[in-house]
Amino acid sequence: MNTAITAVATSPVARAKEICAAGLPDAIRRHPGPAFGCFPVYSPFELYHAAGLLPLGLMGAGGTIDIVHADARFQSFVCSIAKTTLELGLQKRLTALEGVAFHSICDVARNLASVFRRNFPGLHVEYIHLAQNGAGDAAEDYLVSEYRRALAGLEERLKRRIGDEAIRASIRTYNRPRALMRRLYEIRAREPERVTASEAFTLVRAGTFMPPEDHAALLEGSLAEFATRRNKRMDRVRVVVEGAFCEQPPVGLIDVMEAAGCYVVDDDFCAGWRWFREDVIETGDPVRALARAYLSRSRCSSTRHDPDRPRHLELVERVKSTGAQAVVFMPAKFCEPALFDYVLFRRELEKAGVPHILIEFEEKMWTFERTRGEIETFVESLLFD
Amino acid sequence: MAEYQGVVHTKSREIMSAWYDRLAAAAKNGTPSACIMISGNCVEILRSFDIEPVFPEVNALQLAIRKQSLPLILKAEEMGYSSDNCAYVKADAGYTFGEGGPSDGKIPVPNFLVCNFVGCNVYIKWFEHSAAFLGVPLVMIDVPFLHPDGKPTEGDVRYVVAQLRKLIETCEKVTGKKFDIDRLREICALSARAGAGWARAKELCQNTPAPFDAYFDSINMMGPINVLRGTKDAADFFDAAVKEYEEMVAAKKGPLAQEKFRIVVEGPPPYPYYRQFRDLFAAWGAVAVQSTYSTVGGIWEWGFRHDPKRPLESIAELMLVNNLCNRSLLQRYEQIKRYVEEWKADALVIHSVKSCRLFSAGQGDMRDYFANQLGVPTLLVESDLEDPRYYAQAMMKNRIDAFFESLEHRKLLRRA
Ligand code: SF4
Ligand code: SF4
């Protein structure tokens, strides 16, 4: 029926869904200008944006690509996102990108940057070492110099100067969708019945495939829609989901989690795209503002050491502040940063008496029955305790 | 099978045992100690305060060689570690920090931990965990990864030096001693001597036959260079090693009765089956003339030396530039390429270990580069450096035999 299609097209969540389903190659095609692929987790998007490049999420391909070549480059014990991302390149679906960026998140991502550099000489491959230490003058000065180095590389590539004014404008542009995503998450923590977990996920994920201005509009539209909803709150377990900050789970898995009786009140899906807890300062030296925000206005992450805010303590605090009753650990299969953190998270949650469950996933998984059963059992044990 | 041990082995054992004795003594009498990692480390700074360095990696590899790692790994998996986590960490978790500290009195509970984050991201997790379980403070030294042009920026160097100064403050607090730069200069001079000896020993492997196996025998020298660097013992050890190897070169002697193949080996060894693995190569007369694993702590063969005139800056240089771990995979390709050319190797052997993604992630691409782009005969075999469950002797033997058979065939054809 035609009316159905029109209805789909006018709902922001449905649009977001279409955009996500179309994936990265389509996002590159849709954008008339040059684009830049950003591997997770956080990337200083504003720098590329100010250079006239559209930052897009270079975040694997889920189940949309068959691995033909990448298995010969990366072994069986390497996470899926590394392989599908490489496969996109080897199948020549990234050639229209101007370049890509990788970051100091794990050993796999670091080596992947090298493999990209060798196999795709046409791409500008940037590797950014994000500071792995607490805030302080030395770390801040360092990060400023690292960002400036990356900028100089882009300037040389593009034969164009990237001025501070342009970076400040990009900071303003990105502060908007980030603030709106914070609003979205506030609603979920307060009234999870208004927005389903997969809706929130889809809306955030769509932002990795589109210009920030459009993303802001999409978010505004959907927030307006959510405000009018009157859904009844159900008897479900409020959970924080932790561990899926890099490789992204299939939407089906998120749906199953809710269907099995959870309200997801917080998560770390697409964590890098909603990295900041507050706006980045819009005045003064913009590169320093970004560096400072990375060090002291950011979320905690398994891919970053921060002596001032140990992650396991922060997780317990977040469980309390969101009123969650349990934690679902959701690491991607073979994801070392997430799997390591599980040990300390588990230990700390047990000390605090917070129940938890471990659900490993792969971006390309497509049957969820077993997971559904596991979560249902977990939920039942909590509801009828 | 071949007898591999020589004077160097015995001497290395002596000075390493003396270090273990010092650790046991520290466990008893409370001499200040600190944990630190092997890769591109700054042990000189600890040494200048007489803080005894503890190396969890050395501990883990010792457990594996003595075939004691598996129960510890299993214990760690019960603590929540995944079968996919680096087993070095798991062995250490099982042994050291799982139950609040090592209980056999062989190593001390450290006063603090120095995480020299040089490339390997697992280092960060490892020491975060030790710190949390043992309840001791952690000093993080965040070393920016080396850029493609091989040059750290001024900002990189300043950042590392600033963090080294912070470490010095911690050392002052723990020991109650004032930092003595002249002492550090003396230690750096000893480090430079050891580095020169190690570089010379490796250079001697350019001879045919090579005087020692630069993969399997290198562990006799990796202890002295990475753990004991900055002591007189280590500097003297390398003088003696060089003398021994020079004599062997003059006498055209090598580690095997006959050197038939010269190989470069990439990746850490399978410590739980060290001897069995080595025998598979010895059976073919294959000698490693260079290896990347021997450079995890530092690369000296290209001229880097600690500089008593610039102690902190040269320590920073080792951390930033001159060690395998802080260099990219492509920089490692270049390193191996130089090894193959300058050390006149016939083939490249990649030992891909599951635990260590720093080494292994992308080694399939490395094989593609060497085998297909450069035409270097390349063998890739898989197991693990710590977890005995991933080593299959029969399969390993088949792969290695098949490879050298075809290599031999090629050699014959070339001669014909
Ligand atoms: S999924 Fe985990 S291991 Fe894989 S690239 Fe991302 S952070 Fe690294
Ligand atoms: S990943 Fe490799 S370098 Fe890192 S701790 Fe494990 S074995 Fe060592």
# chains A, B, ... in the order shown; residues from 1 in each chain; ligands from 1
$ residues_near_ligand --ligand "ligand 1" --cutoff "8 Å" --atoms "only C-alpha atoms and all ligand atoms" --output "list in words"
Pro40, Val41, Val78, Cys79, Ser80, Ile81, Ala82, Ile105, Cys106, Asp107, Val108, Ala109, Ala244, Phe245, Cys246, Glu247, Thr303, Pro331, Ala332, Lys333, Phe334, Cys335, Glu336, Pro337 and Ala338 of chain A
$ residues_near_ligand --ligand "ligand 2" --cutoff "6 Å" --atoms "only C-alpha atoms and all ligand atoms" --output "PyMOL selection string"
chain B and resi 86+88+120+122-123+355-358
$ write_last_selection --atoms "N, CA, C and O atoms" --output "CSV table (one decimal), in the first residue's frame"
chain,number,residue,atom,x,y,z
B,86,CYS,N,44.7,-12.3,26.3
B,86,CYS,CA,46.1,-12.6,26.3
B,86,CYS,C,46.4,-13.5,27.5
B,86,CYS,O,46.2,-13.1,28.7
B,88,TYR,N,49.3,-14.3,28.8
B,88,TYR,CA,50.3,-13.8,29.7
B,88,TYR,C,49.6,-13.1,30.9
B,88,TYR,O,50.0,-13.4,32.0
B,120,CYS,N,51.5,-1.9,23.2
B,120,CYS,CA,50.5,-2.9,23.5
B,120,CYS,C,49.4,-2.4,24.5
B,120,CYS,O,49.7,-2.0,25.6
B,122,VAL,N,47.1,-4.1,25.8
B,122,VAL,CA,46.9,-5.0,26.9
B,122,VAL,C,47.7,-4.7,28.1
B,122,VAL,O,47.2,-4.9,29.2
B,123,TYR,N,48.8,-4.0,27.9
B,123,TYR,CA,49.6,-3.6,29.1
B,123,TYR,C,48.7,-2.8,30.0
B,123,TYR,O,48.9,-2.9,31.2
B,355,SER,N,47.4,-15.3,21.7
B,355,SER,CA,47.3,-14.3,22.8
B,355,SER,C,47.6,-12.9,22.4
B,355,SER,O,47.1,-12.0,22.9
B,356,CYS,N,48.6,-12.8,21.5
B,356,CYS,CA,49.2,-11.5,21.3
B,356,CYS,C,48.8,-10.8,20.0
B,356,CYS,O,49.4,-11.0,19.0
B,357,ARG,N,47.7,-10.1,20.1
B,357,ARG,CA,47.3,-9.4,18.9
B,357,ARG,C,48.2,-8.3,18.4
B,357,ARG,O,48.1,-7.9,17.3
B,358,LEU,N,48.9,-7.8,19.3
B,358,LEU,CA,49.9,-6.8,18.9
B,358,LEU,C,50.8,-7.3,17.8
B,358,LEU,O,51.0,-6.7,16.8
$ interface_residues --of "chain B" --to "chain A" --cutoff "6 Å" --atoms "only C-alpha atoms" --output "PDB file with N, CA and C atoms, in the first residue's frame"
ATOM      1  N   GLY B  80      36.876 -14.707  35.530  1.00  0.00           N
ATOM      2  CA  GLY B  80      36.114 -13.936  34.556  1.00  0.00           C
ATOM      3  C   GLY B  80      36.874 -13.628  33.281  1.00  0.00           C
ATOM      4  N   ASP B  84      39.664 -15.631  25.137  1.00  0.00           N
ATOM      5  CA  ASP B  84      40.290 -14.818  24.097  1.00  0.00           C
ATOM      6  C   ASP B  84      41.201 -13.725  24.635  1.00  0.00           C
ATOM      7  N   ASN B 121      48.184  -2.355  23.974  1.00  0.00           N
ATOM      8  CA  ASN B 121      47.078  -1.858  24.798  1.00  0.00           C
ATOM      9  C   ASN B 121      46.748  -2.799  25.952  1.00  0.00           C
ATOM     10  N   ASP B 142      52.266   7.032  29.228  1.00  0.00           N
ATOM     11  CA  ASP B 142      51.565   6.934  27.956  1.00  0.00           C
ATOM     12  C   ASP B 142      52.521   7.367  26.851  1.00  0.00           C
ATOM     13  N   PRO B 144      53.183   7.983  23.031  1.00  0.00           N
ATOM     14  CA  PRO B 144      52.507   8.119  21.733  1.00  0.00           C
ATOM     15  C   PRO B 144      53.094   7.148  20.710  1.00  0.00           C
ATOM     16  N   GLY B 155      56.123  17.446  20.516  1.00  0.00           N
ATOM     17  CA  GLY B 155      55.067  17.252  21.511  1.00  0.00           C
ATOM     18  C   GLY B 155      55.097  15.857  22.117  1.00  0.00           C
ATOM     19  N   TYR B 159      55.909  15.129  26.115  1.00  0.00           N
ATOM     20  CA  TYR B 159      54.894  14.401  26.893  1.00  0.00           C
ATOM     21  C   TYR B 159      55.541  13.234  27.646  1.00  0.00           C
ATOM     22  N   LEU B 329      52.795  -1.906  12.141  1.00  0.00           N
ATOM     23  CA  LEU B 329      52.945  -3.155  11.395  1.00  0.00           C
ATOM     24  C   LEU B 329      53.771  -2.906  10.124  1.00  0.00           C
ATOM     25  N   LEU B 330      53.533  -1.798   9.461  1.00  0.00           N
ATOM     26  CA  LEU B 330      54.295  -1.524   8.236  1.00  0.00           C
ATOM     27  C   LEU B 330      55.758  -1.274   8.542  1.00  0.00           C
ATOM     28  N   ARG B 357      47.742 -10.057  20.088  1.00  0.00           N
ATOM     29  CA  ARG B 357      47.257  -9.422  18.869  1.00  0.00           C
ATOM     30  C   ARG B 357      48.165  -8.293  18.426  1.00  0.00           C
ATOM     31  N   LEU B 358      48.948  -7.766  19.344  1.00  0.00           N
ATOM     32  CA  LEU B 358      49.932  -6.763  18.939  1.00  0.00           C
ATOM     33  C   LEU B 358      50.794  -7.349  17.827  1.00  0.00           C
ATOM     34  N   ALA B 361      47.648  -9.677  14.899  1.00  0.00           N
ATOM     35  CA  ALA B 361      46.546  -9.127  14.105  1.00  0.00           C
ATOM     36  C   ALA B 361      47.094  -8.560  12.800  1.00  0.00           C
ATOM     37  N   GLY B 362      46.728  -9.155  11.706  1.00  0.00           N
ATOM     38  CA  GLY B 362      47.185  -8.673  10.408  1.00  0.00           C
ATOM     39  C   GLY B 362      48.360  -9.443   9.833  1.00  0.00           C
ATOM     40  N   GLY B 364      48.362 -12.104   8.344  1.00  0.00           N
ATOM     41  CA  GLY B 364      47.990 -12.628   7.034  1.00  0.00           C
ATOM     42  C   GLY B 364      48.363 -11.624   5.948  1.00  0.00           C
ATOM     43  N   ASP B 365      48.212 -10.365   6.272  1.00  0.00           N
ATOM     44  CA  ASP B 365      48.600  -9.326   5.325  1.00  0.00           C
ATOM     45  C   ASP B 365      50.122  -9.308   5.168  1.00  0.00           C
TER      46      ASP B 365
END
$ residues_around --residues "His49 in chain A" --least-positions-apart "2" --cutoff "10 Å" --atoms "only C-alpha atoms" --output "JSON, numbers by chain"
{"A": [35, 36, 44, 45, 46, 47, 51, 52, 53, 54, 55, 162, 166, 167, 169, 170, 171, 173, 174, 211, 212]}
$ closest_residue --among "A:Gly136, A:Pro12, A:Pro25, A:Pro34" --to "Gly57 in chain A" --atoms "only C-alpha atoms"
A:Pro25
$ residues_around --residues "Ala347 in chain B" --least-positions-apart "6" --cutoff "10 Å" --atoms "only C-alpha atoms" --output "list in words"
Phe261, Arg262, Ile263, Val264, Val265, Ala286, Ala288, Val340, Phe370, Ala371, Gly375, Val376, Pro377, Thr378, Leu379, Phe403, Phe404 and Leu407 of chain B
$ residues_around --residues "range 316-326 of chain A" --least-positions-apart "3" --cutoff "12 Å" --atoms "only C-alpha atoms" --output "PyMOL selection string"
chain A and resi 185-192+236-242+262-268+299-300+309-313+329+344-358+375+378-379+381-383
$ select_by_dssp --residues "range 133-247 of chain A" --states "helix (DSSP H, G or I)" --output "PDB file with C-alpha atoms, in the first residue's frame"
ATOM      1  CA  ASP A 137      48.798  20.023  31.381  1.00  0.00           C
ATOM      2  CA  ALA A 138      51.165  17.465  29.870  1.00  0.00           C
ATOM      3  CA  ALA A 139      48.364  15.307  28.453  1.00  0.00           C
ATOM      4  CA  GLU A 140      46.468  18.322  27.171  1.00  0.00           C
ATOM      5  CA  ASP A 141      49.504  19.861  25.496  1.00  0.00           C
ATOM      6  CA  TYR A 142      50.292  16.512  23.980  1.00  0.00           C
ATOM      7  CA  LEU A 143      46.812  16.006  22.588  1.00  0.00           C
ATOM      8  CA  VAL A 144      46.832  19.501  21.118  1.00  0.00           C
ATOM      9  CA  SER A 145      50.075  18.683  19.338  1.00  0.00           C
ATOM     10  CA  GLU A 146      48.697  15.358  18.135  1.00  0.00           C
ATOM     11  CA  TYR A 147      45.558  17.006  16.716  1.00  0.00           C
ATOM     12  CA  ARG A 148      47.666  19.733  15.116  1.00  0.00           C
ATOM     13  CA  ARG A 149      49.835  17.064  13.520  1.00  0.00           C
ATOM     14  CA  ALA A 150      46.766  15.334  12.085  1.00  0.00           C
ATOM     15  CA  LEU A 151      45.484  18.693  10.835  1.00  0.00           C
ATOM     16  CA  ALA A 152      48.777  19.446   9.129  1.00  0.00           C
ATOM     17  CA  GLY A 153      48.554  16.077   7.384  1.00  0.00           C
ATOM     18  CA  LEU A 154      45.071  16.887   6.120  1.00  0.00           C
ATOM     19  CA  GLU A 155      46.140  20.343   4.988  1.00  0.00           C
ATOM     20  CA  GLU A 156      48.962  18.858   3.000  1.00  0.00           C
ATOM     21  CA  ARG A 157      46.703  16.269   1.455  1.00  0.00           C
ATOM     22  CA  LEU A 158      43.947  18.724   0.572  1.00  0.00           C
ATOM     23  CA  ASP A 164      40.563  27.900  13.720  1.00  0.00           C
ATOM     24  CA  GLU A 165      37.348  29.688  12.780  1.00  0.00           C
ATOM     25  CA  ALA A 166      36.273  26.720  10.667  1.00  0.00           C
ATOM     26  CA  ILE A 167      37.041  24.320  13.527  1.00  0.00           C
ATOM     27  CA  ARG A 168      35.057  26.458  15.961  1.00  0.00           C
ATOM     28  CA  ALA A 169      32.129  26.402  13.554  1.00  0.00           C
ATOM     29  CA  SER A 170      32.359  22.617  13.339  1.00  0.00           C
ATOM     30  CA  ILE A 171      32.400  22.361  17.127  1.00  0.00           C
ATOM     31  CA  ARG A 172      29.184  24.387  17.220  1.00  0.00           C
ATOM     32  CA  THR A 173      27.690  22.161  14.545  1.00  0.00           C
ATOM     33  CA  TYR A 174      28.517  18.942  16.407  1.00  0.00           C
ATOM     34  CA  ASN A 175      27.524  20.208  19.821  1.00  0.00           C
ATOM     35  CA  ARG A 176      23.912  20.211  18.597  1.00  0.00           C
ATOM     36  CA  PRO A 177      23.349  16.554  17.740  1.00  0.00           C
ATOM     37  CA  ARG A 178      25.429  15.558  20.757  1.00  0.00           C
ATOM     38  CA  ALA A 179      23.235  17.605  23.078  1.00  0.00           C
ATOM     39  CA  LEU A 180      20.140  16.106  21.476  1.00  0.00           C
ATOM     40  CA  MET A 181      21.486  12.593  21.945  1.00  0.00           C
ATOM     41  CA  ARG A 182      22.063  13.397  25.615  1.00  0.00           C
ATOM     42  CA  ARG A 183      18.408  14.462  25.800  1.00  0.00           C
ATOM     43  CA  LEU A 184      17.376  11.219  24.169  1.00  0.00           C
ATOM     44  CA  TYR A 185      19.304   9.239  26.758  1.00  0.00           C
ATOM     45  CA  GLU A 186      17.869  11.320  29.590  1.00  0.00           C
ATOM     46  CA  ILE A 187      14.393  10.424  28.432  1.00  0.00           C
ATOM     47  CA  ARG A 188      15.303   6.763  28.351  1.00  0.00           C
ATOM     48  CA  ALA A 189      16.738   6.799  31.823  1.00  0.00           C
ATOM     49  CA  ARG A 190      13.639   8.579  33.148  1.00  0.00           C
ATOM     50  CA  ALA A 197      16.147   0.667  22.925  1.00  0.00           C
ATOM     51  CA  SER A 198      16.357  -0.152  19.241  1.00  0.00           C
ATOM     52  CA  GLU A 199      14.787   3.181  18.318  1.00  0.00           C
ATOM     53  CA  ALA A 200      17.385   5.029  20.330  1.00  0.00           C
ATOM     54  CA  PHE A 201      20.139   2.870  18.894  1.00  0.00           C
ATOM     55  CA  THR A 202      18.944   3.420  15.343  1.00  0.00           C
ATOM     56  CA  LEU A 203      18.684   7.168  15.796  1.00  0.00           C
ATOM     57  CA  VAL A 204      22.234   7.378  17.115  1.00  0.00           C
ATOM     58  CA  ARG A 205      23.653   4.975  14.564  1.00  0.00           C
ATOM     59  CA  ALA A 206      22.011   6.931  11.723  1.00  0.00           C
ATOM     60  CA  GLY A 207      24.119   9.883  12.796  1.00  0.00           C
ATOM     61  CA  THR A 208      27.236   8.018  11.746  1.00  0.00           C
ATOM     62  CA  PHE A 209      25.915   7.993   8.176  1.00  0.00           C
ATOM     63  CA  PRO A 212      25.532  16.517  11.647  1.00  0.00           C
ATOM     64  CA  GLU A 213      22.991  19.192  10.702  1.00  0.00           C
ATOM     65  CA  ASP A 214      20.672  16.562   9.220  1.00  0.00           C
ATOM     66  CA  HIS A 215      21.248  14.339  12.212  1.00  0.00           C
ATOM     67  CA  ALA A 216      20.244  17.146  14.527  1.00  0.00           C
ATOM     68  CA  ALA A 217      17.035  17.656  12.539  1.00  0.00           C
ATOM     69  CA  LEU A 218      16.307  13.939  12.650  1.00  0.00           C
ATOM     70  CA  LEU A 219      16.800  13.862  16.401  1.00  0.00           C
ATOM     71  CA  GLU A 220      14.648  16.929  16.943  1.00  0.00           C
ATOM     72  CA  GLY A 221      11.866  15.361  14.916  1.00  0.00           C
ATOM     73  CA  SER A 222      11.981  12.148  16.854  1.00  0.00           C
ATOM     74  CA  LEU A 223      12.215  13.821  20.255  1.00  0.00           C
ATOM     75  CA  ALA A 224       9.077  15.771  19.381  1.00  0.00           C
ATOM     76  CA  GLU A 225       7.369  12.545  18.453  1.00  0.00           C
ATOM     77  CA  PHE A 226       8.461  10.794  21.656  1.00  0.00           C
ATOM     78  CA  ALA A 227       7.138  13.676  23.742  1.00  0.00           C
ATOM     79  CA  THR A 228       3.622  12.960  22.540  1.00  0.00           C
TER      80      THR A 228
END
$ atom_distance --atom1 "CA of Asp387 in chain B" --atom2 "CA of Pro56 in chain B"
15.9 Å
$ closest_residue --among "A:Arg15, A:Arg372, A:Lys364, A:Arg93" --to "Pro249 in chain A" --atoms "only C-alpha atoms"
A:Lys364
$ closest_residue --among "A:Gly284, A:Gly163, A:Gly89, A:Pro250" --to "Trp366 in chain A" --atoms "only C-alpha atoms"
A:Pro250
$ residues_around --residues "Phe97 in chain B" --least-positions-apart "3" --cutoff "12 Å" --atoms "only C-alpha atoms" --output "PyMOL selection string"
chain B and resi 56+72+75-76+79+89-94+100-103+107-110+126-136
$ write_last_selection --atoms "C-alpha atoms" --output "PDB file, in the first residue's frame"
ATOM      1  CA  PRO B  56      55.385  -9.859  35.168  1.00  0.00           C
ATOM      2  CA  LEU B  72      46.908 -20.661  36.361  1.00  0.00           C
ATOM      3  CA  LYS B  75      42.099 -20.185  37.461  1.00  0.00           C
ATOM      4  CA  ALA B  76      42.078 -16.787  35.772  1.00  0.00           C
ATOM      5  CA  MET B  79      37.884 -15.069  37.714  1.00  0.00           C
ATOM      6  CA  VAL B  89      47.902 -11.700  31.726  1.00  0.00           C
ATOM      7  CA  LYS B  90      45.904 -14.740  32.724  1.00  0.00           C
ATOM      8  CA  ALA B  91      48.960 -16.650  33.940  1.00  0.00           C
ATOM      9  CA  ASP B  92      49.997 -13.625  35.954  1.00  0.00           C
ATOM     10  CA  ALA B  93      46.475 -13.181  37.307  1.00  0.00           C
ATOM     11  CA  GLY B  94      46.434 -16.802  38.361  1.00  0.00           C
ATOM     12  CA  GLY B 100      45.988 -10.825  46.746  1.00  0.00           C
ATOM     13  CA  GLY B 101      49.601 -11.455  45.911  1.00  0.00           C
ATOM     14  CA  PRO B 102      52.140 -14.127  45.110  1.00  0.00           C
ATOM     15  CA  SER B 103      52.224 -16.615  47.906  1.00  0.00           C
ATOM     16  CA  ILE B 107      58.555 -12.254  44.123  1.00  0.00           C
ATOM     17  CA  PRO B 108      57.606  -9.265  46.251  1.00  0.00           C
ATOM     18  CA  VAL B 109      54.298  -7.445  46.243  1.00  0.00           C
ATOM     19  CA  PRO B 110      55.503  -4.280  44.503  1.00  0.00           C
ATOM     20  CA  TRP B 126      47.072  -5.830  32.795  1.00  0.00           C
ATOM     21  CA  PHE B 127      48.377  -3.195  35.158  1.00  0.00           C
ATOM     22  CA  GLU B 128      44.954  -1.735  35.848  1.00  0.00           C
ATOM     23  CA  HIS B 129      44.008  -5.187  37.038  1.00  0.00           C
ATOM     24  CA  SER B 130      47.163  -5.725  39.094  1.00  0.00           C
ATOM     25  CA  ALA B 131      46.684  -2.328  40.684  1.00  0.00           C
ATOM     26  CA  ALA B 132      43.061  -3.053  41.562  1.00  0.00           C
ATOM     27  CA  PHE B 133      43.676  -6.553  42.880  1.00  0.00           C
ATOM     28  CA  LEU B 134      46.902  -5.818  44.743  1.00  0.00           C
ATOM     29  CA  GLY B 135      45.755  -2.404  45.908  1.00  0.00           C
ATOM     30  CA  VAL B 136      48.956  -0.642  44.870  1.00  0.00           C
TER      31      VAL B 136
END
$ closest_residue --among "B:Arg22, B:Ser294, B:Asn326, B:Ser33" --to "Phe145 in chain B" --atoms "only C-alpha atoms"
B:Asn326
$ atom_distance --atom1 "CA of Gly197 in chain B" --atom2 "CA of His351 in chain B"
26.9 Å
$ atom_distance --atom1 "CA of Tyr294 in chain A" --atom2 "CA of Arg277 in chain A"
10.0 Å
$ decode --residues "range 41-65 of chain B" --atoms "C-alpha atoms" --output "PDB file, in the first residue's frame"
ATOM      1  CA  ASN B  41      61.058   0.270  29.269  1.00  0.00           C
ATOM      2  CA  CYS B  42      62.589   2.886  31.512  1.00  0.00           C
ATOM      3  CA  VAL B  43      64.176   0.507  34.013  1.00  0.00           C
ATOM      4  CA  GLU B  44      67.140   2.880  34.345  1.00  0.00           C
ATOM      5  CA  ILE B  45      65.021   5.266  36.378  1.00  0.00           C
ATOM      6  CA  LEU B  46      63.998   2.600  38.887  1.00  0.00           C
ATOM      7  CA  ARG B  47      67.577   1.451  39.074  1.00  0.00           C
ATOM      8  CA  SER B  48      68.815   4.926  39.907  1.00  0.00           C
ATOM      9  CA  PHE B  49      66.701   4.693  43.081  1.00  0.00           C
ATOM     10  CA  ASP B  50      67.719   1.085  43.832  1.00  0.00           C
ATOM     11  CA  ILE B  51      64.130   0.022  43.274  1.00  0.00           C
ATOM     12  CA  GLU B  52      64.133  -3.643  42.275  1.00  0.00           C
ATOM     13  CA  PRO B  53      62.241  -4.094  38.995  1.00  0.00           C
ATOM     14  CA  VAL B  54      59.718  -6.934  38.787  1.00  0.00           C
ATOM     15  CA  PHE B  55      58.730  -8.038  35.278  1.00  0.00           C
ATOM     16  CA  PRO B  56      55.385  -9.859  35.168  1.00  0.00           C
ATOM     17  CA  GLU B  57      56.036 -10.848  31.549  1.00  0.00           C
ATOM     18  CA  VAL B  58      59.236 -12.649  32.484  1.00  0.00           C
ATOM     19  CA  ASN B  59      57.363 -14.314  35.262  1.00  0.00           C
ATOM     20  CA  ALA B  60      54.645 -15.431  32.855  1.00  0.00           C
ATOM     21  CA  LEU B  61      57.095 -16.821  30.326  1.00  0.00           C
ATOM     22  CA  GLN B  62      58.977 -18.690  33.047  1.00  0.00           C
ATOM     23  CA  LEU B  63      55.721 -20.312  34.140  1.00  0.00           C
ATOM     24  CA  ALA B  64      55.070 -21.364  30.549  1.00  0.00           C
ATOM     25  CA  ILE B  65      58.552 -22.791  29.999  1.00  0.00           C
TER      26      ILE B  65
END
